[in-house]
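Here's the structure we're looking at; comments come further down.
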Number of protein chains: 2
Amino acid sequence: MNGADSLCDTLLANDVDVCFANPGTSEMHFVAALDKKPQMRCILGLFEGVVTGAADGYARMADKPAATLLHLGPGLANGLANIHNARRANTPMINIVGDHATHHLQYDAPLTSDIESLARPMSNWVHRIQSSDDVSPSAAAAVEAARSGPGGIATLILPADAAWANAPAAIQRAAVAALAPVDSDALQAAAAALRNGRKTVILLSGKALRGKALETASRIAIKTGARLMAQQSNARVERGAGRVMIDRIPFSVDLALKALEGTEQLILIGAKVPVAFFAYPGKPGVLVPDSCQNIPLTRAGDDLGQALEALADAVGADSTIVPFTSERTATQLPTGALNAAAIIQTIGVLSPENAIICDESVSSGRDSFKSTFGAAPHDFLQITGGAIGIGIPMATGAAVACPDRKVILMQADGSGMYTLQGLWTQAREQLDVITIIFANRSYAILHNELKMVGAGEPGRNARRMLDLDNPTFDWVHMAKAAGVEAARATDATGFADLLRSALARKGPFLIEAVI
Amino acid sequence: MNGADSLCDTLLANDVDVCFANPGTSEMHFVAALDKKPQMRCILGLFEGVVTGAADGYARMADKPAATLLHLGPGLANGLANIHNARRANTPMINIVGDHATHHLQYDAPLTSDIESLARPMSNWVHRIQSSDDVSPSAAAAVEAARSGPGGIATLILPADAAWANAPAAIQRAAVAALAPVDSDALQAAAAALRNGRKTVILLSGKALRGKALETASRIAIKTGARLMAQQSNARVERGAGRVMIDRIPFSVDLALKALEGTEQLILIGAKVPVAFFAYPGKPGVLVPDSCQNIPLTRAGDDLGQALEALADAVGADSTIVPFTSERTATQLPTGALNAAAIIQTIGVLSPENAIICDESVSSGRDSFKSTFGAAPHDFLQITGGAIGIGIPMATGAAVACPDRKVILMQADGSGMYTLQGLWTQAREQLDVITIIFANRSYAILHNELKMVGAGEPGRNARRMLDLDNPTFDWVHMAKAAGVEAARATDATGFADLLRSALARKGPFLIEAVI
């Protein structure tokens with residue numbers, strides 16, 4: 001067995017059995033190793049941003065890491081934007097980055113670059129394998145790093161000679177880190193705060209936004225009068241009719257300040273103190289009042305569900321309290337003109353039980369969260385790091401993790417352009433993804449931001465940088481190029497008809513919704 | 001005037017008047033500043049790899065830098081692969097990377113990342129602007145850095161508050177660095193080597209591969225019996241019928257070793273000691289024999305043309321010597337089946353005088369250099385850093401720099417998938433680019449590399465990672481999606497007909513050549 005075989009076996013022994021890949025020459029021994037192991041599912045992305053974004057979507061739904069296979073520094077660089085999103089989502093991920101053979105680095109061959117410097121900003125853990133002896137222990141350490149805390153990015157650099165040289169047969173298993181129990185001082189502080197009568201927000205993120213944990217949180221809120229909110233960006237929320245209703249902090253600084261106005265105490269459960277996504281002249285960066293006391297209940301790596309149970313016990317929020325859940329309100333299909341609201345309303349009505357709704361609709365879909373409270377129960381996955389181009393890959397990965405569930409992607413056109421190669425992977429793997437393009441033919445968010453800068457009406461240069469017109473991009477042709485069936489909707493009824501028929505079939509479908 | 005205005009004015013004052021851009025919120029003040037200056041040509045790329053690759057192609061042909069505008073760490077990351085290629089091409093480039101306002105960084109907002117760590121591996125110079133007072137001096141320093149030596153990558157980080165705050169009206173001009181004359185010791189050493197009767201190769205790159213410099217080099221070779229060669233990868237070569245004939249070092253290690261076998265002396269002019277692109281078990285990394293004496297005539301920043309003149313003087317290679325030039329041999333169109341050789345042969349026959357031929361045909365086009373010696377005189381631009389996805393952007397940028405010349409791009413399908421968004425920019429700017437897709441529907445280079453690994457016949461996992469089939473990607477649909485007219489060729493005569501008609505019209509056209 002060589003180092004590449006050792007790596008493949010170590011991943012499999014540690015329950016990592018999906019590899020999103022875009023390999024190159026320096027990874028050929030690893031490709032040969034993967035080829036011997038049909039139990040490893042290898043999925044090709046035609047660009048590395050697809051590879052890493054799919055690994056993110058996969059792990060969010062599978063609750064375990066996938067591996068990615070990337071080709072030297074430039075291959076890693078191409079995948080970094082979506083690794084950035086994954087890091088912000090606390091997604092477990094193991095990036096295998098091939099590099100030149102160790103003895104070849106001295107020559108500064110054309111593809112040589114400082115991979116560590118590229119990897120560090122977007123990784124929680126970076127390690128360069130020293131030799132083939134080091135492969136299995138390093139790979140096991142990568143799995144541990146990916147699984148540690150709430151989940152993290154482990155980047156493992158694999159020199160070609162470590163892959164091709166003989167390796168010991170011993171395969172390392174990663175230690176399974178138990179989630180930590182809540183700190184008792186933190187618990188007491190939070191419980192005391194919930195009893196002192198001040199205006200309190202309980203801010204949730206991570207696995208606190210899953211079914212049972214959310215129900216516990218809702219009971220605590222009802223018992224104590226605190227207000228429950230989710231972070232602005234979250235990896236995954238279990239929600240919809242019959243599930244706990246929880247709003248998230250608005251994206252807009254002004255709306256967020258308003259939503260958090262007067263908050264005296266903020267209890268953080270898997271969440272961070274909320275800050276403005278961007279700075280604006282004269283506006284604050286922190287979204288809670290200066291006088292607000294921030295009370296972190298949990299640390300990275302704490303069991304959020306257990307922490308909520310303990311808090312519920314401490315404040316007497318017992319199981320007799322009925323959580324506050326959403327009702328099935330989304331039943332009325334819109335008619336008339338097609339616009340963002342009509343698209344989202346239609347999705348709310350038609351999305352089937354247990355759908356996975358992915359959201360990179362950006363400005364068009366700012367209200368998508370609010371507007372789908374009353375949809376059938378679903379998982380809601382969103383962009384977490386602000387690096388656009390996660391939508392198509394994330395939906396792709398989620399569909400790989402959950403082949404029996406419908407994935408519905410709300411995709412802004414400008415962001416969708418970034419990683420449209422992912423459609424081909426959906427076609428090849430015959431993934432059950434419906435991609436809905438919000439085709440407003442502009443970077444609408446930026447038009448709004450330009451207004452906020454006080455630049456007045458955009459002139460030629462600004463329009464040339466913010467509009468996606470002249471020519472408009474034809475998503476139906478694009479999807480067909482990638483082997484995905486597609487159609488265009490221009491009014492609300494037509495859109496509903498298309499979505500209904502897309503839901504009735506299997507395999508990928510794209511709807512260009514012109515708004 | 002604010003910092004953003006100061007930046008825009010400083011770029012314009014220093015003859016940087018093209019900005020390839022994909023801006024975001026943190027760059028809105030700069031967008032507003034650009035909007036006031038119609039003399040700055042702003043060109044939108046729908047993905048940052050298009051932006052940076054176009055800036056590379058532009059600078060190779062314009063011999064001056066363009067600016068790029070990128071959005072924080074992830075936007076830079078998306079552009080890094082082509083910045084890597086540009087760095088390997090010694091391309092002058094000024095990357096403006098927007099960042100959060102300085103006071104906002106402390107909050108670790110979702111889009112925050114360590115931009116310097118990302119930038120350094122692919123930049124010759126990195127600087128973070130400290131305040132709006134610092135904008136113009138920093139921008140002038142960036143221009144100087146981009147122009148220094150043979151050309152380099154300057155990455156300038158622009159915090160949003162430095163852009164929006166008031167700035168001094170004074171606009172800095174970059175010092176114009178004169179190219180250095182050749183070092184006299186190096187000159188004597190090279191001249192002595194050329195007289196000692198040993199088997200000598202003169203290896204050229206950079207501006208030594210332009211018209212007059214090449215002619216001087218050819219005279220030196222004829223006079224001294226030395227052999228002239230170009231590096232494997234070069235930013236730009238002026239060649240074709242009537243111009244100096246110079247071959248390049250082969251990509252394949254075995255062929256390169258054979259080509260350089262017995263070389264006793266290597267004189268380096270703008271070039272590096274040739275090394276294997278990748279390491280292979282049991283094969284050497286350096287491509288000249290161990291005993292070969294390497295004699296660098298020039299240093300970074302030397303005037304290569306002047307160095308060649310001085311060397312010619314030193315060895316008595318005067319202007320009476322007629323350089324060895326290519327003849328117009330490409331006149332016979334192929335017929336029958338379409339394959340890579342037939343495509344290249346057809347391009348050789350039909351490409352018009354003064355065309356810009358861009359090459360990212362990878363394995364299909366390994367012989368494209370050899371096969372176009374006898375084409376009409378042209379510039380030949382190629383991938384320089386091995387980071388695939390440069391072809392479409394590079395052709396786009398070259399066409400912006402040279403609106404009166406035909407650009408012909410030889411594009412492998414696998415590599416073309418990386419930055420296909422560039423087709424839209426060609427359509428919007430109505431650039432005169434003919435993109436020829438070598439549609440072999442596989443990463444053919446990797447099939448070959450897998451064979452070299454000795455992995456035997458590829459199984460399911462390997463095939464799923466190396467083949468681009470099931471479904472095949474439809475480039476004609478893709479081009480039409482982006483607003484570029486396109487057609488498919490399946491035999492040699494059909495291909496020639498399409499190329500001829502594409503050459504007869506203006507504006508972008510794509511030919512999917514199925515091979």
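Letters A, B, ... go to the chains of the structure tokens in the order shown; residues in each chain start at 1; ligands are counted from 1 in the same order.
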Quick one: residues within 9 Å of A:Gly285, only C-alpha atoms counted, chain neighbours fewer than 3 positions away excluded, as an mmCIF file with C-alpha atoms, in the first residue's frame?
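Listed below is the output, part.cif:
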data_model
loop_
_atom_site.group_PDB
_atom_site.id
_atom_site.type_symbol
_atom_site.label_atom_id
_atom_site.label_comp_id
_atom_site.auth_asym_id
_atom_site.auth_seq_id
_atom_site.Cartn_x
_atom_site.Cartn_y
_atom_site.Cartn_z
ATOM 1 C CA VAL A 253 -28.347 47.592 9.709
ATOM 2 C CA PRO A 274 -24.582 40.411 16.176
ATOM 3 C CA VAL A 275 -22.663 42.951 14.097
ATOM 4 C CA ALA A 276 -23.315 44.837 10.885
ATOM 5 C CA PHE A 277 -22.477 42.846 7.758
ATOM 6 C CA PHE A 278 -20.724 45.936 6.373
ATOM 7 C CA ALA A 279 -19.707 49.201 8.002
ATOM 8 C CA TYR A 280 -21.418 52.421 6.884
ATOM 9 C CA HIS B 103 -12.795 50.056 12.698
ATOM 10 C CA HIS B 104 -15.116 47.267 11.568
ATOM 11 C CA TYR B 107 -16.058 42.531 14.863
#
Point to revise | Within 10 Å of A:Leu255 using only C-alpha atoms, minus same-chain residues under 6 positions, as a PyMOL selection string | key: chain A and resi 249+261+287
Since we have the selection now, will you write its residues out, keeping N, CA and C atoms, as a compact mmCIF listing (two decimals), in the first residue's frame?
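Done, and the output landed in selection06.txt:
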# COMPACT_ATOMS: atom_id res chain seq x y z
N ILE A 249 -32.21 37.82 12.76
CA ILE A 249 -31.83 39.24 12.76
C ILE A 249 -31.77 39.73 11.32
N GLU A 261 -33.62 47.01 19.37
CA GLU A 261 -33.74 48.22 20.17
C GLU A 261 -34.19 47.89 21.60
N LEU A 287 -24.87 45.54 16.81
CA LEU A 287 -26.29 45.78 16.57
C LEU A 287 -27.14 45.80 17.84
Point to revise | Counting only C-alpha atoms, chain A residues within 6 Å of chain B, as a PyMOL selection string | key: chain A and resi 28+32+35+42+44+47+74+77-78+81+109-111+113-114+117-118+121+277+385-387+418+428+450+455+459+461-462+465+470-471+473-474+477-478+481-483
Using N, CA and C atoms, can you write the selected residues to a file as a compact mmCIF listing (two decimals), in the first residue's frame?
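Wrote it out as result-v8.txt, contents follow:
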# COMPACT_ATOMS: atom_id res chain seq x y z
N MET A 28 -2.67 12.15 -8.94
CA MET A 28 -3.03 10.94 -9.70
C MET A 28 -2.91 9.66 -8.87
N ALA A 32 -5.85 7.04 -8.29
CA ALA A 32 -5.71 5.59 -8.46
C ALA A 32 -6.15 4.86 -7.19
N ASP A 35 -9.82 4.86 -6.96
CA ASP A 35 -10.37 3.98 -7.99
C ASP A 35 -10.50 2.54 -7.49
N CYS A 42 -17.07 9.24 -5.41
CA CYS A 42 -16.30 10.35 -5.96
C CYS A 42 -17.19 11.17 -6.89
N LEU A 44 -17.35 14.54 -9.30
CA LEU A 44 -16.54 15.55 -9.98
C LEU A 44 -17.26 16.89 -10.03
N PHE A 47 -15.31 22.84 -11.45
CA PHE A 47 -14.59 24.01 -10.92
C PHE A 47 -14.54 23.80 -9.41
N PRO A 74 -3.41 26.92 -6.69
CA PRO A 74 -4.50 27.51 -7.47
C PRO A 74 -5.82 26.74 -7.35
N ALA A 77 -7.18 27.77 -4.13
CA ALA A 77 -7.63 29.17 -4.22
C ALA A 77 -9.02 29.24 -4.86
N ASN A 78 -9.23 28.46 -5.93
CA ASN A 78 -10.54 28.45 -6.59
C ASN A 78 -11.66 27.99 -5.66
N ALA A 81 -13.47 30.59 -1.62
CA ALA A 81 -14.64 31.41 -1.29
C ALA A 81 -15.71 30.55 -0.61
N ALA A 109 8.77 25.26 -9.62
CA ALA A 109 8.09 24.96 -10.89
C ALA A 109 6.83 25.82 -11.01
N PRO A 110 6.30 25.98 -12.24
CA PRO A 110 5.25 26.98 -12.46
C PRO A 110 4.06 26.91 -11.50
N LEU A 111 3.64 25.70 -11.11
CA LEU A 111 2.44 25.62 -10.26
C LEU A 111 2.74 25.76 -8.76
N SER A 113 3.25 27.27 -5.16
CA SER A 113 2.86 28.46 -4.41
C SER A 113 2.81 28.10 -2.93
N ASP A 114 2.66 29.11 -2.10
CA ASP A 114 2.64 28.91 -0.65
C ASP A 114 1.24 28.49 -0.23
N SER A 117 -0.14 29.56 3.28
CA SER A 117 -0.58 30.96 3.39
C SER A 117 -1.99 31.13 2.81
N LEU A 118 -2.26 30.40 1.74
CA LEU A 118 -3.60 30.46 1.12
C LEU A 118 -4.64 29.78 2.00
N PRO A 121 -6.28 31.42 6.19
CA PRO A 121 -7.39 32.33 6.50
C PRO A 121 -8.76 31.63 6.50
N PHE A 277 -23.16 43.62 8.80
CA PHE A 277 -22.48 42.85 7.76
C PHE A 277 -21.38 43.70 7.12
N GLY A 385 -21.25 33.16 4.77
CA GLY A 385 -20.04 33.98 4.85
C GLY A 385 -20.03 35.15 3.90
N GLY A 386 -21.11 35.35 3.18
CA GLY A 386 -21.19 36.48 2.27
C GLY A 386 -20.40 36.32 0.99
N ALA A 387 -19.76 35.17 0.79
CA ALA A 387 -19.01 34.94 -0.45
C ALA A 387 -19.98 34.32 -1.45
N TYR A 418 -21.49 32.69 -10.56
CA TYR A 418 -20.16 32.37 -10.03
C TYR A 418 -19.79 30.90 -10.16
N ARG A 428 -25.11 15.09 -14.02
CA ARG A 428 -24.39 13.82 -14.05
C ARG A 428 -24.85 12.90 -12.93
N LEU A 450 -25.15 51.49 -3.65
CA LEU A 450 -24.66 52.70 -4.29
C LEU A 450 -25.52 53.90 -3.89
N ALA A 455 -24.41 58.42 -4.09
CA ALA A 455 -23.76 58.72 -5.37
C ALA A 455 -24.74 59.24 -6.41
N GLY A 459 -24.20 56.48 -13.38
CA GLY A 459 -23.83 56.81 -14.75
C GLY A 459 -23.36 55.57 -15.49
N ASN A 461 -20.35 54.16 -16.13
CA ASN A 461 -19.41 53.24 -15.49
C ASN A 461 -20.08 52.44 -14.38
N ALA A 462 -20.88 53.09 -13.56
CA ALA A 462 -21.54 52.37 -12.47
C ALA A 462 -22.53 51.35 -13.04
N MET A 465 -21.02 48.30 -14.28
CA MET A 465 -20.50 47.38 -13.26
C MET A 465 -21.59 46.74 -12.40
N ASN A 470 -27.50 43.53 -21.40
CA ASN A 470 -26.75 43.89 -22.61
C ASN A 470 -25.49 43.07 -22.78
N PRO A 471 -25.55 41.78 -23.00
CA PRO A 471 -26.78 40.99 -23.13
C PRO A 471 -27.23 40.44 -21.76
N PHE A 473 -28.22 37.34 -19.55
CA PHE A 473 -27.75 35.95 -19.57
C PHE A 473 -28.96 35.03 -19.67
N ASP A 474 -28.86 34.05 -20.53
CA ASP A 474 -29.99 33.14 -20.78
C ASP A 474 -29.77 31.86 -19.99
N HIS A 477 -30.76 28.37 -21.70
CA HIS A 477 -29.70 27.83 -22.55
C HIS A 477 -28.55 27.29 -21.70
N MET A 478 -28.22 28.02 -20.67
CA MET A 478 -27.11 27.60 -19.81
C MET A 478 -27.38 26.23 -19.20
N ALA A 481 -27.07 23.55 -21.68
CA ALA A 481 -25.66 23.28 -21.99
C ALA A 481 -25.09 22.27 -20.99
N ALA A 482 -25.53 22.37 -19.74
CA ALA A 482 -25.01 21.50 -18.69
C ALA A 482 -25.80 20.21 -18.56
N GLY A 483 -26.78 20.01 -19.42
CA GLY A 483 -27.57 18.77 -19.37
C GLY A 483 -28.71 18.81 -18.37
Practice item. If you run DSSP over the backbone, which residues in stretch 343-455 of chain B end up helix (DSSP H, G or I)? Put them as a PyMOL selection string. Key: chain B and resi 343-350+362-365+368-371+391-401+413-419+422-428+444-452
Let me see the file: selected residues, C-alpha atoms, as a PDB file, in the first residue's frame.
ATOM      1  CA  ILE B 343      -7.839  22.221 -35.941  1.00  0.00           C
ATOM      2  CA  ILE B 344      -4.374  23.634 -35.433  1.00  0.00           C
ATOM      3  CA  GLN B 345      -3.446  23.144 -39.083  1.00  0.00           C
ATOM      4  CA  THR B 346      -6.575  25.045 -40.104  1.00  0.00           C
ATOM      5  CA  ILE B 347      -5.804  27.877 -37.712  1.00  0.00           C
ATOM      6  CA  GLY B 348      -2.302  28.018 -39.177  1.00  0.00           C
ATOM      7  CA  VAL B 349      -3.690  28.424 -42.681  1.00  0.00           C
ATOM      8  CA  LEU B 350      -6.561  30.813 -41.972  1.00  0.00           C
ATOM      9  CA  VAL B 362      -3.489  21.839 -22.927  1.00  0.00           C
ATOM     10  CA  SER B 363      -2.965  18.244 -24.065  1.00  0.00           C
ATOM     11  CA  SER B 364      -4.806  18.656 -27.365  1.00  0.00           C
ATOM     12  CA  GLY B 365      -2.577  21.511 -28.366  1.00  0.00           C
ATOM     13  CA  SER B 368       0.182  23.936 -31.500  1.00  0.00           C
ATOM     14  CA  PHE B 369       3.412  25.905 -31.162  1.00  0.00           C
ATOM     15  CA  LYS B 370       5.312  23.757 -33.629  1.00  0.00           C
ATOM     16  CA  SER B 371       2.375  23.635 -36.016  1.00  0.00           C
ATOM     17  CA  GLY B 391      -7.899  31.031 -21.795  1.00  0.00           C
ATOM     18  CA  ILE B 392     -11.250  32.799 -22.136  1.00  0.00           C
ATOM     19  CA  PRO B 393     -10.282  35.660 -19.788  1.00  0.00           C
ATOM     20  CA  MET B 394      -6.848  36.147 -21.397  1.00  0.00           C
ATOM     21  CA  ALA B 395      -8.378  36.339 -24.876  1.00  0.00           C
ATOM     22  CA  THR B 396     -10.930  38.812 -23.528  1.00  0.00           C
ATOM     23  CA  GLY B 397      -8.247  41.080 -22.098  1.00  0.00           C
ATOM     24  CA  ALA B 398      -6.063  40.850 -25.201  1.00  0.00           C
ATOM     25  CA  ALA B 399      -9.025  41.924 -27.325  1.00  0.00           C
ATOM     26  CA  VAL B 400      -9.650  44.921 -25.058  1.00  0.00           C
ATOM     27  CA  ALA B 401      -6.003  45.961 -25.499  1.00  0.00           C
ATOM     28  CA  ASP B 413     -12.924  22.051 -22.834  1.00  0.00           C
ATOM     29  CA  GLY B 414     -12.014  21.063 -19.273  1.00  0.00           C
ATOM     30  CA  SER B 415     -10.040  24.255 -18.700  1.00  0.00           C
ATOM     31  CA  GLY B 416     -12.614  26.380 -20.469  1.00  0.00           C
ATOM     32  CA  MET B 417     -15.267  25.280 -17.953  1.00  0.00           C
ATOM     33  CA  TYR B 418     -13.386  27.151 -15.232  1.00  0.00           C
ATOM     34  CA  THR B 419     -14.064  30.689 -16.411  1.00  0.00           C
ATOM     35  CA  GLY B 422     -15.841  35.441 -19.666  1.00  0.00           C
ATOM     36  CA  LEU B 423     -17.875  34.786 -22.807  1.00  0.00           C
ATOM     37  CA  TRP B 424     -20.503  37.186 -21.494  1.00  0.00           C
ATOM     38  CA  THR B 425     -17.903  39.943 -21.165  1.00  0.00           C
ATOM     39  CA  GLN B 426     -16.877  39.308 -24.773  1.00  0.00           C
ATOM     40  CA  ALA B 427     -20.502  39.674 -25.825  1.00  0.00           C
ATOM     41  CA  ARG B 428     -21.091  42.815 -23.808  1.00  0.00           C
ATOM     42  CA  ALA B 444      -7.190  14.080 -21.424  1.00  0.00           C
ATOM     43  CA  ILE B 445      -4.001  15.223 -19.749  1.00  0.00           C
ATOM     44  CA  LEU B 446      -5.028  13.369 -16.588  1.00  0.00           C
ATOM     45  CA  HIS B 447      -5.844  10.159 -18.413  1.00  0.00           C
ATOM     46  CA  ASN B 448      -2.276  10.265 -19.621  1.00  0.00           C
ATOM     47  CA  GLU B 449      -0.931  11.067 -16.169  1.00  0.00           C
ATOM     48  CA  LEU B 450      -2.946   8.216 -14.646  1.00  0.00           C
ATOM     49  CA  LYS B 451      -1.341   5.866 -17.154  1.00  0.00           C
ATOM     50  CA  MET B 452       2.095   7.142 -16.124  1.00  0.00           C
TER      51      MET B 452
END
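Residue-level DSSP output for stretch 51-198 of chain B, from the backbone, shows strand (DSSP E or B) at Ala66, Ala67, Thr68, Leu69, Leu70, His71, Met93, Ile94, Asn95, Ile96, Val97, Gly98, Asp99, Trp125, Val126, His127, Arg128, Ile153, Ala154, Thr155, Leu156, Ile157, Leu158, Pro159, Asn166 and Ala180 of chain B.
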**Study point:** Test item: residues at most 9 Å from B:Ala314, only C-alpha atoms, excluding those fewer than 6 positions along its chain, as number ranges by chain
**Key:** B: 187-188, 191-192
Suppose we keep N, CA and C atoms; can you now write the selection as an mmCIF file, in the first residue's frame?
data_model
loop_
_atom_site.group_PDB
_atom_site.id
_atom_site.type_symbol
_atom_site.label_atom_id
_atom_site.label_comp_id
_atom_site.auth_asym_id
_atom_site.auth_seq_id
_atom_site.Cartn_x
_atom_site.Cartn_y
_atom_site.Cartn_z
ATOM 1 N N LEU B 187 27.896 39.766 -18.853
ATOM 2 C CA LEU B 187 28.071 39.858 -20.306
ATOM 3 C C LEU B 187 29.352 39.159 -20.749
ATOM 4 N N GLN B 188 30.427 39.422 -20.030
ATOM 5 C CA GLN B 188 31.706 38.784 -20.378
ATOM 6 C C GLN B 188 31.635 37.275 -20.245
ATOM 7 N N ALA B 191 29.582 35.920 -23.155
ATOM 8 C CA ALA B 191 30.326 36.023 -24.407
ATOM 9 C C ALA B 191 31.456 34.998 -24.447
ATOM 10 N N ALA B 192 32.140 34.833 -23.324
ATOM 11 C CA ALA B 192 33.222 33.845 -23.255
ATOM 12 C C ALA B 192 32.667 32.446 -23.489
#
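The spacing separating atom CA of B:Leu204 from atom CA of B:Arg248 amounts to 9.0 Å.
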Practice item. Tell me which protein, DNA and RNA residues are within 12 Å of A:Gly211, counting only C-alpha atoms, leaving out same-chain ones fewer than 4 positions away, and put them as a ChimeraX atom specification. Key: /A:206-207,215-218,236-240,242-246,305,323,325,377-379
